[in-house]
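One structure below.
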Protein chains: 2
Amino acid sequence: MLNRVRSAVAHLVSSGGAPPSRPKSPDLPNATSAPPAAPPQAPRSPPARAGSGGATPARTVEARASFSRPTFLQLSPGGLRRADDHAGRAVQSPPDTGRRLPWSTGYAEVINAGKSRHNEDQACCEVVYVEGRRSVSGAPREPSRGQGLCFYYWGLFDGHAGGGAAEMASRLLHRHIREQLKDLVEILQDPLPPPLCLPSTPGAPGSSDSSQLVGPQSCWSSQKEVTHESLVVGAIENAFQLMDEQMARERRGHQVEGGCCALVVVYLLGKVYVANAGDSRAIIVRNGEIIPMSQEFTPETERQRLQLLGFLKPELLGGEFTHLEFPRRVQPKELGQRMLYRDQNMTGWAYKKIELEDLRFPLVCGEGKKARVMATIGVTRGLGDHNLRVCSSTLPIKPFLSCFPEVRVYDLTQYEHCPDDVLVLGTDGLWDVTSDCEVAATVDRVLSAYEPNDPSRYTALAQALVLGARGTPRDRGWRLPNNKLGSGDDISVFVIPLGGPGSYS
Amino acid sequence: MLNRVRSAVAHLVSSGGAPPSRPKSPDLPNATSAPPAAPPQAPRSPPARAGSGGATPARTVEARASFSRPTFLQLSPGGLRRADDHAGRAVQSPPDTGRRLPWSTGYAEVINAGKSRHNEDQACCEVVYVEGRRSVSGAPREPSRGQGLCFYYWGLFDGHAGGGAAEMASRLLHRHIREQLKDLVEILQDPLPPPLCLPSTPGAPGSSDSSQLVGPQSCWSSQKEVTHESLVVGAIENAFQLMDEQMARERRGHQVEGGCCALVVVYLLGKVYVANAGDSRAIIVRNGEIIPMSQEFTPETERQRLQLLGFLKPELLGGEFTHLEFPRRVQPKELGQRMLYRDQNMTGWAYKKIELEDLRFPLVCGEGKKARVMATIGVTRGLGDHNLRVCSSTLPIKPFLSCFPEVRVYDLTQYEHCPDDVLVLGTDGLWDVTSDCEVAATVDRVLSAYEPNDPSRYTALAQALVLGARGTPRDRGWRLPNNKLGSGDDISVFVIPLGGPGSYS
């Protein structure tokens, strides 16, 4: 398995090149469009045949823009057609025969009820081997010096306005993470704290002289301790940004349509890193207890960040929007009256006199699933969306979106996990109609019906969660047992048993 | 008591004028210095004799810049000298004879060990009556229509770089809150949801015609529900900003020196609002359980906000600072090497190649109590600091500071409180050397030694907390029983029993 991933991955993202040396650009259009100083040497035109990551292999560039499902589903052409059927909405899982997913991970998905032409969710589950790029001293790495690193990887990508961004992210994001980790291979395996400063250029004069190394004890009396864990967090954060920048570069040539939310799990050296950018969600269910492992990023949860940016950079509002929030649209006849409002500094509401510029459309409006940035998009973090503009306007929305995930860390070694302890990842199709508690109840109900050592139990659980959110066709709609509407969205679920690598078959 | 407060408060901040009609300006210098469209008509030259709020009454403008302690301490000239004695550091509390503080609130304070000339903490404890300014319809209010509102108020103000800002805030902040609440008197007492829109000008044509009222049900299908609670939060938030703007206006005329952290509690209509801007802290100890009611705002906790502002407005860094964070100061000889860094988007760390501009001083540096913005200030929210500049530079620091509090709400009616349940407020002098758990243990130890109906028990508790943080003089310093150093800072503590208004004597 390791070899398969190692060789399949090796060619897509080149292992050469220095790590990015510039400060991270924010999500501003001019910064985004500036040529990166030293991008990872990811191919501008990846060979289509190498796309083994999370999507259908062996297809042409043209085909990539069309329908594809994760490779690990091993769908035949007929199966692919069934997976694409909005009427039947058959739940898809990896076949019970053949190779299981790493860690006996369970997976299930279902297409939407007609919301978009194809299923715009994508998924990826891989074991990724990271070979060190060079030694800590900057010298080219001797093959004999220590081992590389291996990380386990799961990703859910919920696309919008097309499936291209989700498909691309499912193929490439873990490779960006691998790129970021390449320089950390030795450092992460060294029990000493990470060196604060390293010589830069491999092979440069004196670079193999370890006396140049600036250890954590030297230079200044006041210095922060940086943990190994925070290096992995930084690597994941930067990988998200580089993925987003790659989408910006390649959007024209390869039809990277729309954007996608990204929810990613990395297991490395005993710790689980959950990185989320968007409105997917991850929870751990441990001994019946719910441990939230992500938060959603929406116009409501990120209102103040959006408003602050609109306030500090009013040119981004193009004279069409106001950064103030009102509880409803202001009417021209209300000019001079006093209406409730909130600005970037407020969590409460107050009354203000309505002035002419308050009649502009609010940057953030609506509630819950109907909340929107610039009346257009309902998620505020994710990858892609470089072409997204306000409807009937040229105003770009991307500056308000962030490609950075929030990363939470869970230390697997701090707790003895039983076979019923799981990490559940789901796109919003699951969570729109299923509460954390309902998921925990399903975990308990389904897993207790299987033997603890039955590896198919996690797929059964993922299927039960997808079915429970989809419902059954009744009364001209998909309905749940309580007769409420099921989710008409794409639904994708990973169930990762926390028993650990031991259960990996 | 109500009448005393009503009359004492009535004259300082005029009750006339419309509420501020402009969007809130952020903490940027040009916005701060712009003339406010409709500031509350607080006096530019408050008569010195009216200063009854939280500081010594009957003193001249010149005297105000000198030493004063809260009026409720009822200090004689001799007592004031003892309270000002850095060597003795006698703990001060309101006298056991005479009027108690509202709700039998306990209070104690002690001066620092020589850190500054005087005690730069200030405190205020008041009952404030709010008379409605006008009816909801905009018509001048008929005296017969309903009652005004009464709120209980506690404030701790921890000054820095002089005592002027803390002294001014202790006298005036609750009056700004009262001003903000004046238009809400009827609305807050009406069980219906607040109207989203109100006619503006009292007495304007048609303004008393209630058909002009835009109720929560009309206009647009999508509208947010705004709670009464969020109106109070908004009122407190805006009061902080208006207090800060008043300090900016009056800084020259009245020697508003330095700035201050502000931790404020408002009890209104069954709910406790805890507003914090700075590094003071509030916790509830309820049946032994600790409920945090604030978070601290420091260069470390607000790093990303500060870095984002420096990134979006690089002119605020004046070419002297970099918005990037490094774990220690970068050395010129390290140019071209790779050092760990974090930017405004990252919580983790990564390596970057050191470039020339990275040799600038970092906007945020240091750890814990030594963390600083622009190498100058260790708190990032509060009031005042309008004159604060980077040492040996003209670069203003105020743009990076926020005057806005975080407001948390605790519903007193949701729980049956016993006499040992308390809300503890303390300046950082307490919390620097005392954990939440230690405070909870002291609460238990002291209160159990007093009868539940003994009103002096809360003052005894406040004294015990201050004494426990100050320590006793030993080995050339103030030391705690475990021989660690006690706090050499000013220490101020309120203990508010949650038994509620019933215990107010």
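How things are named: the first chain in the structure tokens is A, the next is B, and so on; residues count from 1 in each chain; ligands count from 1 in the order shown.
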
Item to check | chain B contacts on chain A, only C-alpha atoms, 6 Å, as a VMD selection string | outcome: chain A and resid 21 196 to 200 223 to 224 230 to 231 233 to 234 327 to 328 337 to 340 348 to 350 352 to 353

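Take the candidates A:Arg100, A:Arg252, A:Arg133, A:Arg117 and check each one against His86 (chain A) using only C-alpha atoms; the shortest distance goes to A:Arg117.
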
Might you pull out every residue within 10 Å of Cys437 (chain A), with only C-alpha atoms counted and same-chain residues fewer than 6 positions away left off, and present them as a PDB file with N, CA and C atoms, in the first residue's frame?
ATOM      1  N   VAL A 285     -16.869  10.786  18.376  1.00  0.00           N
ATOM      2  CA  VAL A 285     -17.789  10.162  19.329  1.00  0.00           C
ATOM      3  C   VAL A 285     -16.969   9.137  20.100  1.00  0.00           C
ATOM      4  N   GLY A 288     -19.544   7.421  23.719  1.00  0.00           N
ATOM      5  CA  GLY A 288     -20.834   8.110  23.729  1.00  0.00           C
ATOM      6  C   GLY A 288     -20.733   9.618  23.853  1.00  0.00           C
ATOM      7  N   GLU A 289     -19.569  10.109  24.238  1.00  0.00           N
ATOM      8  CA  GLU A 289     -19.376  11.556  24.398  1.00  0.00           C
ATOM      9  C   GLU A 289     -19.059  12.190  23.043  1.00  0.00           C
ATOM     10  N   ILE A 290     -19.568  13.423  22.828  1.00  0.00           N
ATOM     11  CA  ILE A 290     -19.316  14.126  21.568  1.00  0.00           C
ATOM     12  C   ILE A 290     -18.211  15.152  21.768  1.00  0.00           C
ATOM     13  N   VAL A 443     -24.192   6.036  15.815  1.00  0.00           N
ATOM     14  CA  VAL A 443     -22.925   5.341  16.059  1.00  0.00           C
ATOM     15  C   VAL A 443     -23.161   4.189  17.027  1.00  0.00           C
TER      16      VAL A 443
END

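Around Glu357 (chain A), within 9 Å and counting only C-alpha atoms, the residues found are Gly319, Phe321 and Thr322 of chain A, once anything fewer than 5 positions away on its own chain is removed.
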
Item to check | Minimum-distance residue to Asp454 (chain B), chosen among B:Pro419, B:Gly488, B:Gly270, B:Asp84 (using only C-alpha atoms) | outcome: B:Pro419

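For Gln189 (chain B), the residues within 10 Å (counting only C-alpha atoms, excluding itself and residues fewer than 6 positions away along the chain) are Gly146, Gln147, Gly148, Leu149, His228 and Leu269 of chain B.
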
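Backbone DSSP of region 392-498 of chain B yields strand (DSSP E) at Glu406, Val407, Arg408, Val409, Tyr410, Asp411, Val422, Leu423, Val424, Leu425, Gly426, Thr472, Pro473, Arg474, Gly477, Trp478, Arg479, Ile491, Ser492, Val493, Phe494, Val495, Ile496 and Pro497 of chain B.
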
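Across the model, the gap from CA of Ala375 (chain A) to CA of Phe361 (chain A) is 8.2 Å.
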
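Coordinates place CA of Ser435 (chain B) at a distance of 14.5 Å from CA of Leu485 (chain B).
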
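The gap separating CA of Leu383 (chain B) from CA of Leu498 (chain B) is 27.9 Å, in Å to one decimal.
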
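For the residues B:Val466, B:Leu188, B:Val266, B:Ala108, ranking by smallest atom-to-atom distance to Leu173 (chain B) using only C-alpha atoms places B:Val266 first.
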
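When DSSP is run on the backbone, the residues of region 268-350 of chain A that fall into helix (DSSP H, G or I) are A:Arg303, A:Gln304, A:Arg305, A:Leu306, A:Gln307, A:Leu308, A:Leu309, A:Gly310, A:Phe311, A:Leu312, A:Pro314, A:Glu315, A:Leu316, A:Leu317, A:Pro332, A:Lys333, A:Glu334.
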
Can I get the selection written as a PDB file, in the first residue's frame, with N, CA and C atoms?
ATOM      1  N   ARG A 303     -19.125  36.919  10.313  1.00  0.00           N
ATOM      2  CA  ARG A 303     -19.639  38.261  10.010  1.00  0.00           C
ATOM      3  C   ARG A 303     -18.642  39.368  10.350  1.00  0.00           C
ATOM      4  N   GLN A 304     -18.076  39.319  11.540  1.00  0.00           N
ATOM      5  CA  GLN A 304     -17.220  40.431  11.938  1.00  0.00           C
ATOM      6  C   GLN A 304     -15.930  40.506  11.116  1.00  0.00           C
ATOM      7  N   ARG A 305     -15.387  39.344  10.760  1.00  0.00           N
ATOM      8  CA  ARG A 305     -14.204  39.355   9.900  1.00  0.00           C
ATOM      9  C   ARG A 305     -14.528  40.000   8.541  1.00  0.00           C
ATOM     10  N   LEU A 306     -15.662  39.616   7.973  1.00  0.00           N
ATOM     11  CA  LEU A 306     -16.067  40.153   6.673  1.00  0.00           C
ATOM     12  C   LEU A 306     -16.317  41.657   6.759  1.00  0.00           C
ATOM     13  N   GLN A 307     -17.033  42.059   7.813  1.00  0.00           N
ATOM     14  CA  GLN A 307     -17.355  43.476   7.960  1.00  0.00           C
ATOM     15  C   GLN A 307     -16.097  44.312   8.160  1.00  0.00           C
ATOM     16  N   LEU A 308     -15.153  43.771   8.931  1.00  0.00           N
ATOM     17  CA  LEU A 308     -13.910  44.502   9.173  1.00  0.00           C
ATOM     18  C   LEU A 308     -13.163  44.720   7.862  1.00  0.00           C
ATOM     19  N   LEU A 309     -13.099  43.684   7.042  1.00  0.00           N
ATOM     20  CA  LEU A 309     -12.411  43.813   5.763  1.00  0.00           C
ATOM     21  C   LEU A 309     -13.121  44.836   4.879  1.00  0.00           C
ATOM     22  N   GLY A 310     -14.444  44.787   4.848  1.00  0.00           N
ATOM     23  CA  GLY A 310     -15.204  45.761   4.061  1.00  0.00           C
ATOM     24  C   GLY A 310     -15.008  47.178   4.576  1.00  0.00           C
ATOM     25  N   PHE A 311     -14.846  47.300   5.883  1.00  0.00           N
ATOM     26  CA  PHE A 311     -14.638  48.627   6.469  1.00  0.00           C
ATOM     27  C   PHE A 311     -13.234  49.157   6.154  1.00  0.00           C
ATOM     28  N   LEU A 312     -12.239  48.281   6.307  1.00  0.00           N
ATOM     29  CA  LEU A 312     -10.859  48.725   6.098  1.00  0.00           C
ATOM     30  C   LEU A 312     -10.529  48.891   4.623  1.00  0.00           C
ATOM     31  N   PRO A 314     -12.832  49.647   1.761  1.00  0.00           N
ATOM     32  CA  PRO A 314     -14.165  49.908   1.183  1.00  0.00           C
ATOM     33  C   PRO A 314     -14.200  49.726  -0.329  1.00  0.00           C
ATOM     34  N   GLU A 315     -13.037  49.818  -0.970  1.00  0.00           N
ATOM     35  CA  GLU A 315     -13.037  49.618  -2.428  1.00  0.00           C
ATOM     36  C   GLU A 315     -13.503  48.214  -2.800  1.00  0.00           C
ATOM     37  N   LEU A 316     -13.384  47.275  -1.870  1.00  0.00           N
ATOM     38  CA  LEU A 316     -13.845  45.910  -2.146  1.00  0.00           C
ATOM     39  C   LEU A 316     -15.371  45.832  -2.214  1.00  0.00           C
ATOM     40  N   LEU A 317     -16.046  46.858  -1.675  1.00  0.00           N
ATOM     41  CA  LEU A 317     -17.510  46.866  -1.687  1.00  0.00           C
ATOM     42  C   LEU A 317     -18.046  47.550  -2.949  1.00  0.00           C
ATOM     43  N   PRO A 332     -36.030  52.497   0.900  1.00  0.00           N
ATOM     44  CA  PRO A 332     -35.758  53.922   0.657  1.00  0.00           C
ATOM     45  C   PRO A 332     -36.664  54.841   1.479  1.00  0.00           C
ATOM     46  N   LYS A 333     -37.924  54.438   1.679  1.00  0.00           N
ATOM     47  CA  LYS A 333     -38.840  55.318   2.406  1.00  0.00           C
ATOM     48  C   LYS A 333     -38.471  55.435   3.884  1.00  0.00           C
ATOM     49  N   GLU A 334     -37.545  54.581   4.328  1.00  0.00           N
ATOM     50  CA  GLU A 334     -37.172  54.615   5.749  1.00  0.00           C
ATOM     51  C   GLU A 334     -36.005  55.560   6.039  1.00  0.00           C
TER      52      GLU A 334
END
